[in-house]
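Undergrad: Following this line is model_20.txt, made up of compact mmCIF, C-alpha atoms:
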```txt
# COMPACT_ATOMS: atom_id res chain seq x y z
CA MET B 247 17.89 11.72 -5.76
CA LYS B 248 16.95 15.34 -5.02
CA VAL B 249 13.43 16.04 -3.77
CA ILE B 250 11.61 19.16 -2.58
CA ALA B 251 11.71 19.48 1.22
CA SER B 252 7.92 19.80 1.57
CA THR B 253 7.41 16.27 0.16
CA LEU B 254 9.43 14.56 2.92
CA ARG B 255 7.49 12.44 5.44
CA LYS B 256 8.14 10.44 8.61
CA GLY B 257 10.25 7.37 7.83
CA ASN B 258 11.96 8.85 4.76
CA VAL B 259 15.76 8.71 4.68
CA VAL B 260 17.78 11.75 3.61
CA GLU B 261 21.50 12.23 3.03
CA LYS B 262 23.20 15.31 4.49
CA ASP B 263 26.97 15.91 4.60
CA GLY B 264 27.60 12.29 3.56
CA LYS B 265 25.59 10.86 6.48
CA LEU B 266 22.17 9.22 6.44
CA TYR B 267 19.30 10.54 8.58
CA VAL B 268 15.87 9.00 9.13
CA ILE B 269 13.02 11.49 9.55
CA LEU B 270 11.17 11.09 12.84
CA PHE B 271 8.82 14.06 12.41
CA ALA B 272 8.10 16.35 9.45
CA GLU B 273 5.92 19.45 9.51
CA ASN B 274 5.26 22.09 6.86
CA ILE B 275 4.84 25.51 8.51
CA HIS B 276 3.10 28.30 6.60
CA PRO B 277 3.41 31.54 8.58
CA GLY B 278 1.07 34.40 7.67
CA LYS B 279 4.04 36.49 6.66
CA GLY B 280 7.33 35.20 5.29
CA THR B 281 8.54 32.06 3.57
CA PRO B 282 6.91 28.66 4.27
CA VAL B 283 9.36 26.21 5.86
CA THR B 284 9.60 22.48 6.49
CA GLN B 285 10.67 21.47 10.02
CA LEU B 286 12.38 18.06 10.17
CA ASP B 287 13.34 16.14 13.31
CA MET B 288 15.82 13.46 12.25
CA ARG B 289 17.98 10.69 13.77
CA ARG B 290 21.46 10.03 12.38
CA ILE B 291 21.57 6.35 11.49
CA THR B 292 25.25 5.75 12.33
CA ASP B 293 25.15 6.87 15.98
CA GLY B 294 21.51 7.71 16.82
CA VAL B 295 22.09 11.44 17.41
CA LYS B 296 18.88 13.44 16.95
CA VAL B 297 18.99 16.70 15.01
CA SER B 298 16.42 19.27 14.00
CA GLU B 299 16.63 21.02 10.63
CA ARG B 300 14.57 23.69 8.91
CA TYR B 301 14.39 24.01 5.11
CA ARG B 302 12.48 26.35 2.83
CA THR B 303 9.66 24.25 1.38
CA THR B 304 11.01 24.67 -2.15
CA GLU B 305 14.60 23.77 -1.19
CA GLN B 306 16.10 20.59 -2.68
CA VAL B 307 17.12 17.83 -0.24
CA GLU B 308 19.07 14.66 -1.14
CA ARG B 309 16.89 11.61 -0.50
CA ALA B 310 18.78 8.34 -0.05
CA PHE B 311 17.80 5.23 -2.01
CA VAL B 312 16.28 2.75 0.40
CA GLU B 313 14.59 -0.53 -0.32
CA ASP B 314 11.18 -1.03 1.27
CA ARG B 315 10.41 -4.71 1.58
CA GLU B 316 7.85 -6.71 3.52
CA HIS B 317 9.24 -8.83 6.36
CA THR B 318 7.66 -11.12 8.95
CA PHE B 319 8.38 -10.61 12.66
CA LEU B 320 9.81 -13.75 14.26
CA TYR B 321 11.06 -13.05 17.80
CA GLN B 322 13.02 -10.71 20.09
CA ASP B 323 16.23 -11.52 21.98
CA GLY B 324 19.38 -9.81 23.24
CA GLU B 325 20.52 -8.93 19.70
CA GLY B 326 17.26 -7.13 18.91
CA PHE B 327 14.16 -7.92 16.91
CA HIS B 328 14.41 -10.65 14.26
CA PHE B 329 12.52 -10.46 10.96
CA MET B 330 12.40 -12.78 7.97
CA ASN B 331 12.07 -11.90 4.31
CA PRO B 332 9.23 -14.18 3.06
CA GLU B 333 10.65 -14.25 -0.49
CA ASN B 334 14.14 -15.65 0.22
CA TYR B 335 13.85 -16.57 3.94
CA GLU B 336 16.81 -14.34 4.91
CA GLN B 337 16.71 -13.18 8.51
CA VAL B 338 17.47 -9.62 9.63
CA ALA B 339 18.22 -8.51 13.20
CA VAL B 340 16.89 -4.98 13.83
CA PRO B 341 18.28 -3.04 16.82
CA GLU B 342 15.89 -1.76 19.51
CA ASP B 343 16.51 1.92 18.72
CA VAL B 344 15.28 1.38 15.12
CA VAL B 345 12.08 -0.36 16.29
CA GLY B 346 11.51 2.30 18.97
CA ASP B 347 7.94 2.81 20.18
CA ALA B 348 6.62 0.22 17.70
CA ALA B 349 8.00 -2.62 19.89
CA PRO B 350 4.88 -3.24 22.05
CA TYR B 351 2.70 -3.76 18.96
CA LEU B 352 4.91 -6.41 17.31
CA GLN B 353 3.29 -9.84 17.30
CA GLU B 354 4.77 -13.12 16.12
CA GLY B 355 4.07 -13.61 12.41
CA MET B 356 3.10 -9.94 11.85
CA ALA B 357 3.94 -8.55 8.39
CA VAL B 358 5.78 -5.20 8.54
CA MET B 359 7.57 -2.98 6.02
CA LEU B 360 11.31 -2.64 6.65
CA SER B 361 13.32 0.10 4.95
CA ILE B 362 16.83 -1.19 4.24
CA HIS B 363 19.86 0.73 2.92
CA ASN B 364 23.02 -1.28 2.06
CA SER B 365 21.74 -4.22 4.16
CA THR B 366 21.26 -1.95 7.22
CA PRO B 367 17.69 -1.75 8.57
CA LEU B 368 16.69 1.90 8.95
CA THR B 369 12.98 2.13 9.74
CA ILE B 370 10.01 -0.11 10.42
CA GLU B 371 6.41 0.50 9.41
CA LEU B 372 3.68 -1.44 11.22
CA PRO B 373 0.19 -2.19 9.93
CA GLN B 374 -2.13 0.73 10.77
CA ARG B 375 -4.30 -1.39 13.05
CA VAL B 376 -3.64 -4.36 15.31
CA VAL B 377 -5.93 -6.62 17.39
CA LEU B 378 -5.10 -6.83 21.10
CA GLU B 379 -6.83 -8.10 24.23
CA VAL B 380 -7.86 -5.78 27.07
CA ALA B 381 -5.87 -7.04 30.09
CA GLU B 382 -7.55 -4.89 32.71
CA THR B 383 -10.07 -2.08 32.91
CA GLU B 384 -12.57 -0.59 35.32
CA PRO B 385 -15.82 -2.53 35.80
CA VAL B 386 -18.93 -1.43 33.92
CA LEU B 387 -21.11 0.86 36.00
CA LYS B 388 -24.84 0.37 35.53
CA GLY B 389 -26.65 3.41 34.20
CA GLN B 390 -23.47 4.96 32.81
CA THR B 391 -24.18 6.73 29.52
CA ALA B 392 -22.73 5.26 26.35
CA SER B 393 -22.09 8.67 24.78
CA SER B 394 -18.41 9.55 24.49
CA SER B 395 -17.44 8.59 28.03
CA TYR B 396 -14.33 6.44 27.82
CA LYS B 397 -12.57 4.60 30.65
CA PRO B 398 -8.86 3.77 31.00
CA ALA B 399 -7.69 0.28 30.05
CA THR B 400 -4.41 -1.63 29.86
CA LEU B 401 -3.92 -3.82 26.78
CA SER B 402 -2.21 -7.23 26.66
CA ASN B 403 0.99 -5.55 25.36
CA GLY B 404 1.14 -3.16 28.34
CA VAL B 405 0.01 -0.06 26.43
CA ARG B 406 -2.55 2.14 28.18
CA THR B 407 -5.52 3.45 26.20
CA THR B 408 -9.15 4.43 26.68
CA VAL B 409 -12.10 2.24 25.71
CA PRO B 410 -15.91 2.66 25.73
CA PRO B 411 -17.73 1.65 28.96
CA HIS B 412 -19.16 -1.61 27.49
CA ILE B 413 -15.66 -3.09 26.91
CA ALA B 414 -14.64 -5.50 29.69
CA ALA B 415 -11.34 -7.23 30.51
CA GLY B 416 -10.66 -10.13 28.14
CA THR B 417 -12.37 -8.42 25.17
CA ARG B 418 -10.35 -8.29 21.94
CA VAL B 419 -10.19 -4.78 20.45
CA VAL B 420 -8.69 -3.11 17.38
CA VAL B 421 -6.26 -0.25 18.13
CA MET B 422 -4.25 2.16 15.96
CA THR B 423 -0.51 1.41 16.08
CA ALA B 424 0.38 5.10 15.62
CA ASP B 425 -1.02 6.24 18.98
CA GLY B 426 -2.64 3.21 20.65
CA SER B 427 -6.15 4.65 20.36
CA TYR B 428 -9.24 2.40 20.41
CA VAL B 429 -10.95 1.85 17.03
CA GLU B 430 -13.55 -0.91 17.53
CA ARG B 431 -14.26 -4.28 19.08
CA ALA B 432 -12.52 -7.09 17.14
CA LYS B 433 -14.80 -9.07 14.83
CA ASP B 434 -13.25 -12.48 15.54
```
Using the file provided, produce a representation of the structure as structure tokens.
TA:
Amino acid sequence: MKVIASTLRKGNVVEKDGKLYVILFAENIHPGKGTPVTQLDMRRITDGVKVSERYRTTEQVERAFVEDREHTFLYQDGEGFHFMNPENYEQVAVPEDVVGDAAPYLQEGMAVMLSIHNSTPLTIELPQRVVLEVAETEPVLKGQTASSSYKPATLSNGVRTTVPPHIAAGTRVVVMTADGSYVERAKD
């Protein structure tokens, strides 16, 4: 299916020269003078080679048909990350390079969206937010202002982030899976 280059987003799969590529980063650039372009950073699915392409925003690009289906994360082992389709209970092993930087946020029983093409997992999409526990952080200093002064913290999954001064170790917090940034204290 042909689509206009400017409509492509991260996670989409495109076909170029008979090979499938997953988009890692897409940016529409509108210079003051000249033709607007779409910059795509992509990873070839067959061998993992990363390529960078530039298209005019109105250019047609072949988008591959992929099936997006919800799966439940089960566990990780030497083969990769294992997910189960809740509709038919089929299990899928997803290699580490497909999961990428989403790996620390995966929790047992978490529902994720897997994009699959011809029974090959291509991309994974996590929920936007996840609840994690603060493993360690600096102690609260008395008299420290509450206004926009954040302190470094390490979460239970090993990711480093910044949290407000009132958050102590052992507190459950909500973080964004895209960049690991603090959102709020968990309400549970």
Undergrad: Please measure the separation of CA of His317 (chain B) and CA of Ala348 (chain B), giving the value in Å to one decimal.
TA: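 Calculated distance between CA of His317 (chain B) and CA of Ala348 (chain B) is 14.7 Å.
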Undergrad: As an exercise, work out the distance from CA of Leu401 (chain B) to CA of Arg418 (chain B) in Å and give it to one decimal place.
TA: 9.2 Å
Undergrad: Contacts of Glu325 (chain B) at 12 Å or less, counting only C-alpha atoms, minus same-chain residues fewer than 6 places along, as a ChimeraX atom specification?
TA: /B:338-343
Undergrad: Next, the residues of the selection above should be written as a PDB file, in the frame of the given file with C-alpha atoms.
TA:
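Once everything was written out, this is part23.pdb:
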```pdb
ATOM      1  CA  VAL B 338      17.470  -9.620   9.630  1.00  0.00           C
ATOM      2  CA  ALA B 339      18.220  -8.510  13.200  1.00  0.00           C
ATOM      3  CA  VAL B 340      16.890  -4.980  13.830  1.00  0.00           C
ATOM      4  CA  PRO B 341      18.280  -3.040  16.820  1.00  0.00           C
ATOM      5  CA  GLU B 342      15.890  -1.760  19.510  1.00  0.00           C
ATOM      6  CA  ASP B 343      16.510   1.920  18.720  1.00  0.00           C
TER       7      ASP B 343
END
```
Undergrad: Any idea what's packed within 12 Å of region 249-258 of chain B, counting only C-alpha atoms, ignoring anything in its chain fewer than 4 positions away? Could you give it as a PyMOL selection string?
TA: chain B and resi 266-276+282-289+291+299-314+344-345+359-363+367-372+424
